[in-house]
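One file, coords11.csv, carrying CSV, C-alpha atoms and all ligand atoms:
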chain,number,residue,atom,x,y,z
A,232,MET,CA,124.9,100.8,89.6
A,233,GLN,CA,127.6,98.9,87.7
A,234,THR,CA,131.2,98.1,88.6
A,235,THR,CA,133.7,99.6,86.2
A,236,ILE,CA,137.1,98.3,87.5
A,237,PRO,CA,137.6,94.7,86.4
A,238,GLN,CA,141.1,95.2,85.0
A,239,GLU,CA,143.3,93.6,87.6
A,240,LYS,CA,143.4,89.9,88.1
A,241,ALA,CA,142.4,89.3,91.7
A,242,LEU,CA,143.6,85.7,92.0
A,243,ARG,CA,145.7,84.5,94.9
A,244,GLU,CA,149.1,82.9,94.3
A,245,ARG,CA,149.0,79.3,93.1
A,246,THR,CA,151.6,76.7,92.4
A,247,SER,CA,152.6,76.5,88.7
A,248,GLY,CA,150.6,73.8,86.9
A,249,THR,CA,147.7,73.9,89.3
A,250,TYR,CA,144.2,75.5,89.4
A,251,VAL,CA,142.4,76.6,92.6
A,252,VAL,CA,139.1,74.9,92.6
A,253,ASN,CA,136.2,75.7,94.9
A,254,GLU,CA,134.1,72.6,94.2
A,255,ILE,CA,133.3,69.9,91.6
A,256,PHE,CA,129.9,68.3,91.4
A,257,TYR,CA,127.5,66.7,88.9
A,258,SER,CA,124.1,68.2,88.3
A,259,LEU,CA,121.8,69.6,85.7
A,260,GLN,CA,122.4,73.1,84.2
A,261,GLY,CA,119.7,75.2,85.9
A,262,GLU,CA,119.5,78.2,83.5
A,263,GLY,CA,120.0,79.5,80.0
A,264,LYS,CA,119.4,77.7,76.7
A,265,ASN,CA,121.0,74.5,78.1
A,266,ALA,CA,118.8,74.3,81.2
A,267,GLY,CA,118.1,70.7,82.1
A,268,THR,CA,121.3,69.4,80.5
A,269,PRO,CA,123.5,67.2,82.7
A,270,MET,CA,126.9,68.7,83.3
A,271,VAL,CA,129.9,68.3,85.7
A,272,PHE,CA,130.3,71.6,87.3
A,273,VAL,CA,133.9,72.8,88.1
A,274,ARG,CA,133.8,75.9,90.2
A,275,PHE,CA,137.1,77.9,90.1
A,276,SER,CA,137.9,80.0,93.1
A,277,ASP,CA,138.0,83.8,93.2
A,278,CYS,CA,136.5,86.6,91.0
A,279,ASN,CA,137.9,89.8,89.8
A,280,LEU,CA,134.7,91.7,90.3
A,281,ARG,CA,133.5,90.6,93.8
A,282,CYS,CA,130.1,92.2,93.3
A,283,SER,CA,128.6,93.8,96.4
A,284,LEU,CA,125.8,96.2,97.2
A,285,SER,CA,128.2,99.1,97.2
A,286,ASN,CA,130.1,98.4,93.9
A,287,ALA,CA,127.5,96.6,91.9
A,288,GLY,CA,124.1,97.2,93.5
A,289,PHE,CA,123.8,93.6,94.7
A,290,ASP,CA,125.7,91.1,96.8
A,291,CYS,CA,127.1,88.1,95.0
A,292,ASP,CA,125.5,85.0,96.4
A,293,THR,CA,128.2,82.5,95.3
A,294,GLU,CA,130.9,81.4,97.8
A,295,PHE,CA,134.0,81.4,95.6
A,296,MET,CA,136.8,82.3,98.0
A,297,SER,CA,137.6,78.9,99.4
A,298,GLY,CA,139.3,76.3,97.3
A,299,ARG,CA,142.3,74.0,97.0
A,300,GLU,CA,145.0,73.6,94.4
A,301,MET,CA,144.4,70.8,92.0
A,302,SER,CA,146.4,69.6,89.0
A,303,LEU,CA,144.7,69.3,85.6
A,304,ALA,CA,144.9,65.5,85.9
A,305,GLU,CA,143.2,65.6,89.3
A,306,ILE,CA,140.4,67.8,88.0
A,307,LEU,CA,139.8,65.5,85.0
A,308,GLN,CA,139.9,62.4,87.2
A,309,ALA,CA,137.4,64.0,89.6
A,310,ALA,CA,135.1,64.9,86.7
A,311,GLU,CA,135.3,61.4,85.2
A,312,THR,CA,134.6,59.8,88.5
A,313,LEU,CA,131.4,61.8,88.8
A,314,ASN,CA,130.4,61.1,85.2
A,315,PRO,CA,132.3,58.3,83.4
A,316,LYS,CA,130.3,59.0,80.3
A,317,LYS,CA,131.7,62.5,80.2
A,318,GLY,CA,129.7,64.9,78.0
A,319,TRP,CA,129.5,68.5,79.2
A,320,MET,CA,131.8,70.1,81.8
A,321,LEU,CA,130.7,73.5,83.0
A,322,LEU,CA,133.5,75.8,84.1
A,323,THR,CA,132.2,78.5,86.4
A,324,GLY,CA,133.2,80.5,89.4
A,325,GLY,CA,133.8,83.1,90.6
A,326,GLU,CA,135.3,84.0,87.4
A,327,PRO,CA,136.8,81.0,85.5
A,328,GLY,CA,138.6,83.2,83.0
A,329,LEU,CA,141.1,84.1,85.8
A,330,GLN,CA,142.5,80.6,85.6
A,331,LEU,CA,141.2,78.9,82.5
A,332,ASP,CA,144.0,78.6,79.9
A,333,ASP,CA,144.6,76.8,76.6
A,334,ALA,CA,146.4,73.9,78.3
A,335,PHE,CA,143.2,73.2,80.4
A,336,ALA,CA,140.9,73.5,77.4
A,337,THR,CA,143.0,71.3,75.1
A,338,ALA,CA,143.5,68.5,77.7
A,339,ALA,CA,139.9,68.4,78.7
A,340,GLN,CA,138.6,68.3,75.2
A,341,ALA,CA,141.2,65.7,74.2
A,342,ALA,CA,139.9,63.6,77.1
A,343,GLY,CA,136.4,63.7,75.6
A,344,TRP,CA,134.7,66.6,77.4
A,345,LYS,CA,132.7,69.4,75.8
A,346,LEU,CA,133.4,72.6,77.6
A,347,ALA,CA,130.9,75.2,78.6
A,348,VAL,CA,131.9,78.4,80.5
A,349,GLU,CA,129.9,80.9,82.5
A,350,THR,CA,131.9,84.2,82.7
A,351,ASN,CA,131.4,87.8,83.5
A,352,GLY,CA,133.1,88.6,80.2
A,353,THR,CA,135.9,90.8,81.5
A,354,ILE,CA,138.6,88.2,80.5
A,355,PRO,CA,139.1,86.7,77.0
A,356,LEU,CA,138.6,82.9,77.0
A,357,PRO,CA,140.5,80.2,75.0
A,358,ALA,CA,139.1,80.1,71.4
A,359,SER,CA,138.2,76.4,71.5
A,360,ILE,CA,135.5,76.6,74.2
A,361,ASP,CA,132.4,74.8,73.0
A,362,TRP,CA,129.7,77.0,74.7
A,363,ILE,CA,130.2,80.5,76.2
A,364,CYS,CA,127.6,82.2,78.4
A,365,VAL,CA,128.6,85.8,79.2
A,366,SER,CA,126.6,87.3,82.1
A,367,PRO,CA,128.0,90.9,82.3
A,368,LYS,CA,128.1,92.4,85.8
A,369,SER,CA,130.1,95.5,84.8
A,370,ALA,CA,129.9,98.3,82.3
A,371,GLU,CA,130.0,97.3,78.6
A,372,HIS,CA,133.3,99.0,78.0
A,373,THR,CA,135.0,96.6,80.4
A,374,ILE,CA,133.9,93.5,78.4
A,375,ARG,CA,136.8,91.6,76.8
A,376,GLN,CA,135.0,88.5,75.6
A,377,HIS,CA,133.2,89.9,72.6
A,378,THR,CA,131.5,86.7,71.2
A,379,ALA,CA,129.4,84.2,73.0
A,380,ASP,CA,126.7,81.6,72.4
A,381,GLU,CA,124.5,83.3,74.9
A,382,VAL,CA,124.6,86.5,76.8
A,383,LYS,CA,122.5,86.9,79.9
A,384,TYR,CA,121.6,90.0,81.9
A,385,VAL,CA,119.9,90.2,85.2
A,386,ARG,CA,117.2,92.8,85.4
A,387,ARG,CA,115.0,94.2,88.1
A,388,HIS,CA,111.9,96.3,87.9
A,389,GLY,CA,112.6,99.7,86.2
A,390,MET,CA,115.9,98.7,84.6
A,391,ALA,CA,116.3,99.5,80.9
A,392,ILE,CA,116.7,96.8,78.2
A,393,PRO,CA,120.5,96.1,77.8
A,394,THR,CA,122.5,97.3,74.9
A,395,PRO,CA,125.0,94.5,74.6
A,396,THR,CA,128.3,94.9,72.8
A,397,ILE,CA,128.8,91.1,72.7
A,398,LYS,CA,127.9,89.3,69.5
A,399,ALA,CA,125.8,86.2,70.6
A,400,THR,CA,123.4,83.7,69.2
A,401,HIS,CA,121.0,84.0,72.2
A,402,TYR,CA,120.2,87.1,74.2
A,403,LEU,CA,118.5,86.4,77.6
A,404,ILE,CA,117.1,88.4,80.4
A,405,SER,CA,116.8,86.9,83.9
A,406,PRO,CA,114.8,88.4,86.8
A,407,GLY,CA,117.1,89.1,89.8
A,408,PHE,CA,116.6,86.9,92.9
A,409,GLN,CA,115.8,88.5,96.3
A,410,SER,CA,117.9,87.8,99.4
A,411,ASP,CA,115.2,85.3,100.5
A,412,GLY,CA,115.7,83.2,97.4
A,413,THR,CA,112.6,84.2,95.6
A,414,VAL,CA,111.8,86.3,92.4
A,415,SER,CA,109.4,89.2,93.0
A,416,LEU,CA,106.4,89.3,90.7
A,417,SER,CA,107.2,92.9,89.8
A,418,ASP,CA,110.7,92.0,88.6
A,419,LEU,CA,109.4,89.0,86.6
A,420,GLU,CA,106.6,91.1,85.0
A,421,TRP,CA,109.1,93.8,84.2
A,422,CYS,CA,111.4,91.3,82.5
A,423,MET,CA,108.5,89.9,80.5
A,424,LYS,CA,107.5,93.4,79.5
A,425,LEU,CA,111.0,94.2,78.2
A,426,ILE,CA,111.0,90.9,76.2
A,427,LYS,CA,107.6,91.4,74.8
A,428,GLU,CA,108.5,94.9,73.6
A,429,ASN,CA,111.8,93.5,72.0
A,430,PRO,CA,110.7,90.1,70.7
A,431,ASP,CA,113.2,89.9,67.9
A,432,GLN,CA,116.2,89.6,70.2
A,433,TRP,CA,115.4,88.8,73.8
A,434,SER,CA,113.9,85.8,75.7
A,435,LEU,CA,113.6,84.9,79.3
A,436,SER,CA,116.0,82.8,81.4
A,437,VAL,CA,115.0,81.7,84.9
A,438,GLN,CA,117.3,80.1,87.4
A,439,TYR,CA,115.3,76.9,87.9
A,440,HIS,CA,117.8,75.5,90.4
A,441,LYS,CA,117.1,78.3,92.8
A,442,ILE,CA,113.4,78.1,92.4
A,443,LEU,CA,113.5,74.3,92.9
A,444,ASN,CA,116.1,74.6,95.6
A,445,ILE,CA,118.4,72.0,94.0
A,446,ARG,CA,122.0,72.2,92.9
B,1,LIG,S1,131.0,88.5,88.6
B,1,LIG,FE1,129.6,86.9,89.2
B,1,LIG,S2,130.8,85.5,90.5
B,1,LIG,FE2,131.9,87.4,90.3
B,1,LIG,S3,131.3,88.5,92.2
B,1,LIG,FE3,130.0,89.2,90.5
B,1,LIG,S4,128.1,87.9,90.7
B,1,LIG,FE4,129.8,86.9,91.9
Could you rewrite the structure in this file as structure tokens?
Amino acid sequence: MQTTIPQEKALRERTSGTYVVNEIFYSLQGEGKNAGTPMVFVRFSDCNLRCSLSNAGFDCDTEFMSGREMSLAEILQAAETLNPKKGWMLLTGGEPGLQLDDAFATAAQAAGWKLAVETNGTIPLPASIDWICVSPKSAEHTIRQHTADEVKYVRRHGMAIPTPTIKATHYLISPGFQSDGTVSLSDLEWCMKLIKENPDQWSLSVQYHKILNIR
């Protein structure tokens, strides 16, 4: 089942000029075409979809509700402390599109960061973002970010191949994780079957960080 109601912005009140940030840490990208690439992760708080078993068919496994207000300068300073050499900064959530604006993108890129975003696609992003990964969790007609570098769908056994409306360079299918943190063989084999039947467009993405239990 898919959610179909991502129109409203669900974010709490925040002080002008600040962003509500859940966590900032330095690690390696664990999935998608950039898997293995070092990135400073900035996790913004809150999400407009709030996927659950009842509205989306699965429970979101990311804690995105807690957070604290940080200024742009504080976020950039925290990122630079973690990786003085800069490089990639991954903006994730929750849904980063709720807070990410041109001011953030411009300042971060001027400071030397390349910006990657992981989004559910229901909110348009600043045009200057360097790498966009859309992972739709709602019906295609709710998608507002219509271009991406990669688009990634989670699939379980028996689910049809997606029919994306997003124009992307890479189209990825990822087997869903079970509540115990594993991928079932039947889900994996089903994803492989979909990809082998549609080899011109699709390839596999696995969430290595979950399998390896690292962050
Ligand atoms: S869109 Fe993503 S972050 Fe938001 S609730 Fe759904 S799974 Fe979680």
Surrounding residues as a PyMOL selection string, ligand LIG 1 (chain B), max 10 Å, all atoms listed in the file: chain A and resi 234+237+275-283+286-287+289-295+323-327+349-353+366-369
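Take CA of Gln340 in chain A and CA of Leu303 in chain A: the distance between them is 12.1 Å.
Using all atoms listed in the file, the nearest neighbour of Leu356 in chain A within the list A:His388, A:Arg375, A:Lys316, A:Lys383 is A:Arg375.
Shortest separation to Gly267 in chain A among A:Ala334, A:Glu305, A:Trp319, A:Leu242 occurs at residue A:Trp319, atoms counted being all atoms listed in the file.
Shell of Ile397 in chain A at 10 Å, with only C-alpha atoms counted and residues fewer than 5 places along the chain excluded, is Gly352, Val365, Pro367, Glu371, Ile374, Arg375, Gln376, His377, Thr378, Ala379, Asp380, Glu381, Val382 and Tyr402 of chain A.
Counting all atoms listed in the file and comparing A:Ile255, A:Pro355, A:Ala336, A:Trp344, the residue that lies closest to Ala309 in chain A is A:Ile255.
Interatomic distance, CA of Ala342 in chain A against CA of Asn314 in chain A: 12.7 Å.
Minimum atom-to-atom distances from A:Thr312, A:Ser417, A:Thr373, A:Ser410 to Leu284 in chain A were compared using only C-alpha atoms, and the lowest value belongs to A:Ser410.
Once Asn429 in chain A and its same-chain neighbours fewer than 3 positions away are set aside, Ala391, Ile392, Pro393, Thr394, Tyr402, Leu403, Ile404, Cys422, Met423, Lys424, Leu425, Ile426, Gln432, Trp433, Ser434 and Leu435 of chain A remain within 12 Å of it when counting only C-alpha atoms.
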Just the selected residues (C-alpha atoms), exported as a short mmCIF file (atom, residue, chain, number, x, y, z; two decimals), in the frame of the given file, please.
data_model
loop_
_atom_site.label_atom_id
_atom_site.label_comp_id
_atom_site.auth_asym_id
_atom_site.auth_seq_id
_atom_site.Cartn_x
_atom_site.Cartn_y
_atom_site.Cartn_z
CA ALA A 391 116.30 99.50 80.90
CA ILE A 392 116.70 96.80 78.20
CA PRO A 393 120.50 96.10 77.80
CA THR A 394 122.50 97.30 74.90
CA TYR A 402 120.20 87.10 74.20
CA LEU A 403 118.50 86.40 77.60
CA ILE A 404 117.10 88.40 80.40
CA CYS A 422 111.40 91.30 82.50
CA MET A 423 108.50 89.90 80.50
CA LYS A 424 107.50 93.40 79.50
CA LEU A 425 111.00 94.20 78.20
CA ILE A 426 111.00 90.90 76.20
CA GLN A 432 116.20 89.60 70.20
CA TRP A 433 115.40 88.80 73.80
CA SER A 434 113.90 85.80 75.70
CA LEU A 435 113.60 84.90 79.30
#
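Each of A:Thr246, A:His440, A:Met320, A:Ala310 was compared to Gly263 in chain A using only C-alpha atoms, and A:His440 turns out to be the nearest.
Minimum distance to Leu321 in chain A across A:Phe335, A:Phe408, A:Tyr257, A:Trp421 (counting all atoms listed in the file) occurs at A:Tyr257.
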Selection: 9 Å around Asp361 in chain A, only C-alpha atoms, excl. self and same-chain fewer than 6 positions, as number ranges by chain: A: 345-348, 380
Dump of C-alpha atoms for the selected residues, as an mmCIF file, in the coordinates of the input:
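Just written: again01.cif:
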data_model
loop_
_atom_site.group_PDB
_atom_site.id
_atom_site.type_symbol
_atom_site.label_atom_id
_atom_site.label_comp_id
_atom_site.auth_asym_id
_atom_site.auth_seq_id
_atom_site.Cartn_x
_atom_site.Cartn_y
_atom_site.Cartn_z
ATOM 1 C CA LYS A 345 132.700 69.400 75.800
ATOM 2 C CA LEU A 346 133.400 72.600 77.600
ATOM 3 C CA ALA A 347 130.900 75.200 78.600
ATOM 4 C CA VAL A 348 131.900 78.400 80.500
ATOM 5 C CA ASP A 380 126.700 81.600 72.400
#
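Coordinates place CA of Gly288 in chain A at a distance of 26.2 Å from CA of Lys264 in chain A.
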Spatial sel., origin (144.2, 78.1, 98.3), limit 8 Å, all atoms listed in the file, listed as JSON, numbers by chain: {"A": [243, 244, 245, 251, 297, 298, 299, 300]}
Since fewer atoms than expected are present, regenerate N, CA and C atoms for range 317-328 of chain A and write them as a CSV table (one decimal), in the frame of the given file.
chain,number,residue,atom,x,y,z
A,317,LYS,N,131.2,61.2,80.6
A,317,LYS,CA,131.7,62.5,80.2
A,317,LYS,C,130.5,63.3,79.6
A,318,GLY,N,130.7,64.0,78.4
A,318,GLY,CA,129.7,64.9,78.0
A,318,GLY,C,130.1,66.3,78.3
A,319,TRP,N,129.2,67.1,78.9
A,319,TRP,CA,129.5,68.5,79.2
A,319,TRP,C,130.2,68.7,80.6
A,320,MET,N,131.2,69.6,80.5
A,320,MET,CA,131.8,70.1,81.8
A,320,MET,C,131.6,71.6,81.8
A,321,LEU,N,131.0,72.1,82.8
A,321,LEU,CA,130.7,73.5,83.0
A,321,LEU,C,131.7,74.2,83.9
A,322,LEU,N,132.5,75.1,83.3
A,322,LEU,CA,133.5,75.8,84.1
A,322,LEU,C,132.9,77.1,84.6
A,323,THR,N,132.8,77.3,85.9
A,323,THR,CA,132.2,78.5,86.4
A,323,THR,C,133.0,79.0,87.6
A,324,GLY,N,132.4,79.9,88.3
A,324,GLY,CA,133.2,80.5,89.4
A,324,GLY,C,132.2,81.1,90.4
A,325,GLY,N,132.7,82.3,91.0
A,325,GLY,CA,133.8,83.1,90.6
A,325,GLY,C,133.9,83.4,89.2
A,326,GLU,N,135.1,83.7,88.8
A,326,GLU,CA,135.3,84.0,87.4
A,326,GLU,C,136.3,83.0,86.8
A,327,PRO,N,135.9,82.1,86.0
A,327,PRO,CA,136.8,81.0,85.5
A,327,PRO,C,137.9,81.5,84.6
A,328,GLY,N,137.6,82.7,84.0
A,328,GLY,CA,138.6,83.2,83.0
A,328,GLY,C,139.9,83.6,83.7
